[in-house]
2 protein chains.
Amino acid sequence: MSEPSKRGLEPSFTVAVPRGEDRERRICDHCGFVDYANPKIVAGALVAFSEHGPPHGEGCVPIEQVSILLCRRAIHPRKGYWTMPAGFMELGESTLEAAVRETREEACAEIECDALLAVFDVVHRGQVHVFRRATLVGGFAAGPESLEVKLFPWGEIPWDSLAFTTVHWSLRAWAESREQTVFAPYGNFE
Amino acid sequence: MSEPSKRGLEPSFTVAVPRGEDRERRICDHCGFVDYANPKIVAGALVAFSEHGPPHGEGCVPIEQVSILLCRRAIHPRKGYWTMPAGFMELGESTLEAAVRETREEACAEIECDALLAVFDVVHRGQVHVFRRATLVGGFAAGPESLEVKLFPWGEIPWDSLAFTTVHWSLRAWAESREQTVFAPYGNFE
């Protein structure tokens, strides 16, 4: 993506190995700027809620009494499909703060995070997804990037309309580790 | 960093909010390119070794019999100080593959990773450090970015000459969780 420029030039890059390095990078044809592209972190939360007691961890209620907060995407990619609150981590914040911010932006909701649920490698997109387990505190509503936000009872999760593989994996990881308080975060499922 | 350019221009950016966005970015003065800067992942490994048995996990030997592989940095920042094998994750690899590659490059060593040891937020540097627990397999030697590579017996760790706070934290996390097989990865210590 680019902005209107003062000189009227358009972005133009050549892929080459910079001096003294051993790996190809995009180098600007106009000014020699080296665009170091590294994987980006997508931070998010698997947000659970039950009116009967803790949705996970010690003393948690039966899974039939738990609902999961999902957002229907208003933007591409996967517009119209359901996802967890998550998005690109920004400079100046921690992975936890990023998950909390994204949940506020996309679901107008406050959460309490209690465990690192998963670290998924999404190599083909150049992303690492860092997802926390969280409980919903208070209400929710659709933010600008969501068509709607909804609490799905566990038995009514829209499995066929989930936006991304890592949403599937997160739900599965959450269900598998639900009764535990301390566990190793999940990695990619096969 | 930049390369010699065809037009003879130097990189020049103005910080502003791109159209349709809500956050300031660096925008190129020449061509309008938007430089989306997000936190980068530093992937690495806490590499342990004992000739008497497993250095950590089930049935591990006493900590006095364990040594830790550290590299003395040949490059800035913190040149001359000791660090774990670690470096910027690249596109096209997983966090695990990045840790293995960095260990090969910096310590000419092969490792077997067995747990996610820590996910540290280094907010002031715009980094997230993802470190795995690993055992050394075979030999080692200094790679081009290391002045020397050495196995330090636990009692001889050069605590006052460690390169980064997250190296301290990783050693502490490793010692605390050493006897466990399954544990939640550590976050920032206070």
# chains A, B, ... in the order shown; residues from 1 in each chain; ligands from 1
>>> residues_around(residues="range 37-43 of chain B", least_positions_apart="5", cutoff="8 Å", atoms="only C-alpha atoms", output="compact mmCIF listing (two decimals) with N, CA, C and O atoms, in the first residue's frame")
# COMPACT_ATOMS: atom_id res chain seq x y z
N ASN A 38 9.85 -9.20 8.09
CA ASN A 38 9.93 -10.36 8.99
C ASN A 38 8.51 -10.80 9.32
O ASN A 38 7.57 -10.07 9.08
N PRO A 39 8.38 -11.99 9.88
CA PRO A 39 7.04 -12.44 10.26
C PRO A 39 6.39 -11.45 11.22
O PRO A 39 7.06 -10.85 12.06
N LYS A 40 5.09 -11.31 11.09
CA LYS A 40 4.35 -10.44 11.99
C LYS A 40 3.58 -11.27 13.00
O LYS A 40 3.17 -12.39 12.73
N ILE A 41 3.39 -10.68 14.17
CA ILE A 41 2.64 -11.35 15.23
C ILE A 41 1.17 -10.95 15.16
O ILE A 41 0.86 -9.76 15.12
N PHE A 88 -2.98 -7.62 14.16
CA PHE A 88 -1.54 -7.40 14.17
C PHE A 88 -1.10 -6.63 15.41
O PHE A 88 -1.63 -5.55 15.71
N MET A 89 -0.13 -7.19 16.08
CA MET A 89 0.48 -6.52 17.21
C MET A 89 1.20 -5.27 16.71
O MET A 89 1.81 -5.27 15.65
N GLU A 90 1.13 -4.18 17.50
CA GLU A 90 1.76 -2.92 17.12
C GLU A 90 2.97 -2.64 18.01
O GLU A 90 3.08 -3.19 19.11
N LEU A 91 3.85 -1.76 17.53
CA LEU A 91 4.97 -1.31 18.35
C LEU A 91 4.44 -0.63 19.61
O LEU A 91 3.39 0.01 19.58
N ARG B 25 2.32 6.09 10.64
CA ARG B 25 3.31 5.20 10.00
C ARG B 25 4.37 6.08 9.35
O ARG B 25 4.14 7.26 9.09
N ALA B 86 20.29 -16.95 19.27
CA ALA B 86 18.99 -16.34 19.00
C ALA B 86 19.15 -15.26 17.95
O ALA B 86 20.23 -14.68 17.80
N GLY B 87 18.07 -14.99 17.24
CA GLY B 87 18.13 -13.94 16.24
C GLY B 87 16.78 -13.71 15.59
O GLY B 87 15.80 -14.40 15.92
N PHE B 88 16.72 -12.75 14.68
CA PHE B 88 15.44 -12.41 14.07
C PHE B 88 14.89 -13.55 13.22
O PHE B 88 15.58 -14.08 12.36
N MET B 89 13.66 -13.90 13.51
CA MET B 89 12.94 -14.89 12.71
C MET B 89 12.75 -14.33 11.30
O MET B 89 12.49 -13.14 11.12
N THR B 95 8.85 -20.66 14.25
CA THR B 95 9.67 -20.20 15.38
C THR B 95 10.67 -21.28 15.79
O THR B 95 11.80 -20.97 16.17
N LEU B 96 10.27 -22.54 15.69
CA LEU B 96 11.17 -23.64 16.01
C LEU B 96 12.32 -23.71 14.99
O LEU B 96 13.50 -23.80 15.36
N ALA B 98 13.45 -21.35 13.21
CA ALA B 98 14.31 -20.17 13.39
C ALA B 98 15.31 -20.38 14.52
O ALA B 98 16.48 -20.02 14.41
N ALA B 99 14.84 -20.99 15.61
CA ALA B 99 15.74 -21.25 16.75
C ALA B 99 16.85 -22.24 16.35
O ALA B 99 18.02 -22.07 16.71
N GLU B 102 19.30 -20.36 13.93
CA GLU B 102 20.17 -19.42 14.63
C GLU B 102 21.26 -20.16 15.42
O GLU B 102 22.39 -19.69 15.52
N GLY B 126 10.70 -3.13 20.50
CA GLY B 126 9.77 -3.63 19.47
C GLY B 126 10.02 -5.08 19.13
O GLY B 126 9.97 -5.49 17.97
N GLN B 127 10.31 -5.89 20.17
CA GLN B 127 10.62 -7.31 19.94
C GLN B 127 9.80 -8.20 20.86
O GLN B 127 9.43 -7.80 21.98
N VAL B 128 9.55 -9.41 20.39
CA VAL B 128 9.03 -10.48 21.23
C VAL B 128 10.03 -11.62 21.14
O VAL B 128 10.38 -12.07 20.04
N HIS B 129 10.54 -12.07 22.28
CA HIS B 129 11.54 -13.13 22.30
C HIS B 129 10.86 -14.48 22.58
O HIS B 129 10.24 -14.64 23.64
N VAL B 130 10.96 -15.38 21.64
CA VAL B 130 10.35 -16.70 21.76
C VAL B 130 11.48 -17.72 21.90
O VAL B 130 12.19 -18.01 20.93
N PHE B 131 11.65 -18.21 23.13
CA PHE B 131 12.80 -19.08 23.41
C PHE B 131 12.36 -20.49 23.77
O PHE B 131 11.44 -20.68 24.56
>>> interface_residues(of="chain B", to="chain A", cutoff="6 Å", atoms="only C-alpha atoms", output="PyMOL selection string")
chain B and resi 2-5+7+9-11+30-34+38-39+90-94+121+123+126+182-184
>>> residues_around(residues="range 136-142 of chain B", least_positions_apart="4", cutoff="7 Å", atoms="only C-alpha atoms", output="list in words")
Val47, Ala48, Phe49, Glu106, Ala107, Cys108, Ala109, Glu110, Ile111, Glu112, Ser146, Leu147, Glu148 and Val149 of chain B
>>> write_last_selection(atoms="N, CA and C atoms", output="tab-separated table (two decimals), in the first residue's frame")
chain	number	residue	atom	x	y	z
B	47	VAL	N	20.17	-23.76	25.45
B	47	VAL	CA	20.74	-25.06	25.09
B	47	VAL	C	21.52	-25.63	26.28
B	48	ALA	N	21.06	-26.77	26.79
B	48	ALA	CA	21.70	-27.40	27.95
B	48	ALA	C	22.34	-28.71	27.55
B	49	PHE	N	23.33	-29.12	28.34
B	49	PHE	CA	24.02	-30.38	28.07
B	49	PHE	C	24.56	-30.98	29.36
B	106	GLU	N	25.16	-19.38	14.76
B	106	GLU	CA	25.96	-18.69	15.78
B	106	GLU	C	26.85	-19.63	16.57
B	107	ALA	N	26.43	-20.91	16.67
B	107	ALA	CA	27.19	-21.83	17.52
B	107	ALA	C	27.58	-23.11	16.77
B	108	CYS	N	27.28	-23.16	15.46
B	108	CYS	CA	27.61	-24.34	14.64
B	108	CYS	C	27.18	-25.62	15.36
B	109	ALA	N	26.01	-25.57	15.98
B	109	ALA	CA	25.56	-26.68	16.82
B	109	ALA	C	24.17	-27.15	16.41
B	110	GLU	N	23.93	-28.44	16.63
B	110	GLU	CA	22.61	-29.02	16.43
B	110	GLU	C	21.94	-29.18	17.79
B	111	ILE	N	20.63	-28.96	17.80
B	111	ILE	CA	19.88	-29.06	19.06
B	111	ILE	C	18.59	-29.85	18.87
B	112	GLU	N	18.08	-30.34	19.98
B	112	GLU	CA	16.73	-30.90	20.02
B	112	GLU	C	15.91	-30.09	21.01
B	146	SER	N	29.90	-14.81	16.34
B	146	SER	CA	30.34	-15.11	17.71
B	146	SER	C	31.86	-15.04	17.81
B	147	LEU	N	32.36	-14.43	18.90
B	147	LEU	CA	33.79	-14.42	19.16
B	147	LEU	C	34.25	-15.78	19.68
B	148	GLU	N	33.41	-16.38	20.52
B	148	GLU	CA	33.66	-17.73	21.01
B	148	GLU	C	32.35	-18.33	21.49
B	149	VAL	N	32.32	-19.65	21.54
B	149	VAL	CA	31.14	-20.37	22.02
B	149	VAL	C	31.63	-21.34	23.07
>>> closest_residue(among="B:Thr83, B:Ser50, B:Ser177, B:Gln65", to="Thr165 in chain B", atoms="only C-alpha atoms")
B:Thr83
>>> atom_distance(atom1="CA of Cys60 in chain B", atom2="CA of Ala175 in chain B")
11.7 Å
>>> decode(residues="range 165-178 of chain B", atoms="N, CA, C and O atoms", output="short mmCIF file (atom, residue, chain, number, x, y, z; two decimals), in the first residue's frame")
data_model
loop_
_atom_site.label_atom_id
_atom_site.label_comp_id
_atom_site.auth_asym_id
_atom_site.auth_seq_id
_atom_site.Cartn_x
_atom_site.Cartn_y
_atom_site.Cartn_z
N THR B 165 18.90 -8.69 29.17
CA THR B 165 18.05 -9.06 30.29
C THR B 165 17.33 -10.38 30.03
O THR B 165 17.16 -11.21 30.93
N THR B 166 16.90 -10.60 28.78
CA THR B 166 16.13 -11.82 28.50
C THR B 166 17.02 -13.06 28.55
O THR B 166 16.50 -14.17 28.65
N VAL B 167 18.33 -12.90 28.50
CA VAL B 167 19.22 -14.05 28.72
C VAL B 167 19.20 -14.43 30.20
O VAL B 167 19.07 -15.60 30.56
N HIS B 168 19.32 -13.41 31.05
CA HIS B 168 19.15 -13.63 32.50
C HIS B 168 17.85 -14.37 32.77
O HIS B 168 17.80 -15.38 33.46
N TRP B 169 16.77 -13.79 32.25
CA TRP B 169 15.44 -14.35 32.51
C TRP B 169 15.31 -15.79 32.01
O TRP B 169 14.67 -16.62 32.66
N SER B 170 15.91 -16.07 30.88
CA SER B 170 15.81 -17.42 30.31
C SER B 170 16.53 -18.43 31.19
O SER B 170 16.05 -19.54 31.41
N LEU B 171 17.70 -18.04 31.69
CA LEU B 171 18.45 -18.94 32.57
C LEU B 171 17.66 -19.20 33.85
O LEU B 171 17.58 -20.33 34.33
N ARG B 172 17.05 -18.13 34.37
CA ARG B 172 16.26 -18.25 35.58
C ARG B 172 15.02 -19.13 35.33
O ARG B 172 14.69 -20.01 36.14
N ALA B 173 14.35 -18.90 34.20
CA ALA B 173 13.17 -19.70 33.85
C ALA B 173 13.55 -21.17 33.66
O ALA B 173 12.84 -22.08 34.12
N TRP B 174 14.68 -21.40 33.02
CA TRP B 174 15.13 -22.77 32.80
C TRP B 174 15.38 -23.47 34.13
O TRP B 174 14.96 -24.61 34.34
N ALA B 175 16.10 -22.77 35.05
CA ALA B 175 16.42 -23.38 36.35
C ALA B 175 15.14 -23.67 37.14
O ALA B 175 15.01 -24.75 37.75
N GLU B 176 14.20 -22.75 37.11
CA GLU B 176 12.96 -22.92 37.88
C GLU B 176 12.09 -24.06 37.35
O GLU B 176 11.42 -24.75 38.11
N SER B 177 12.07 -24.25 36.05
CA SER B 177 11.17 -25.24 35.43
C SER B 177 11.90 -26.52 35.04
O SER B 177 11.32 -27.41 34.43
N ARG B 178 13.17 -26.62 35.43
CA ARG B 178 14.05 -27.65 34.91
C ARG B 178 13.52 -29.07 35.12
O ARG B 178 13.64 -29.92 34.23
#
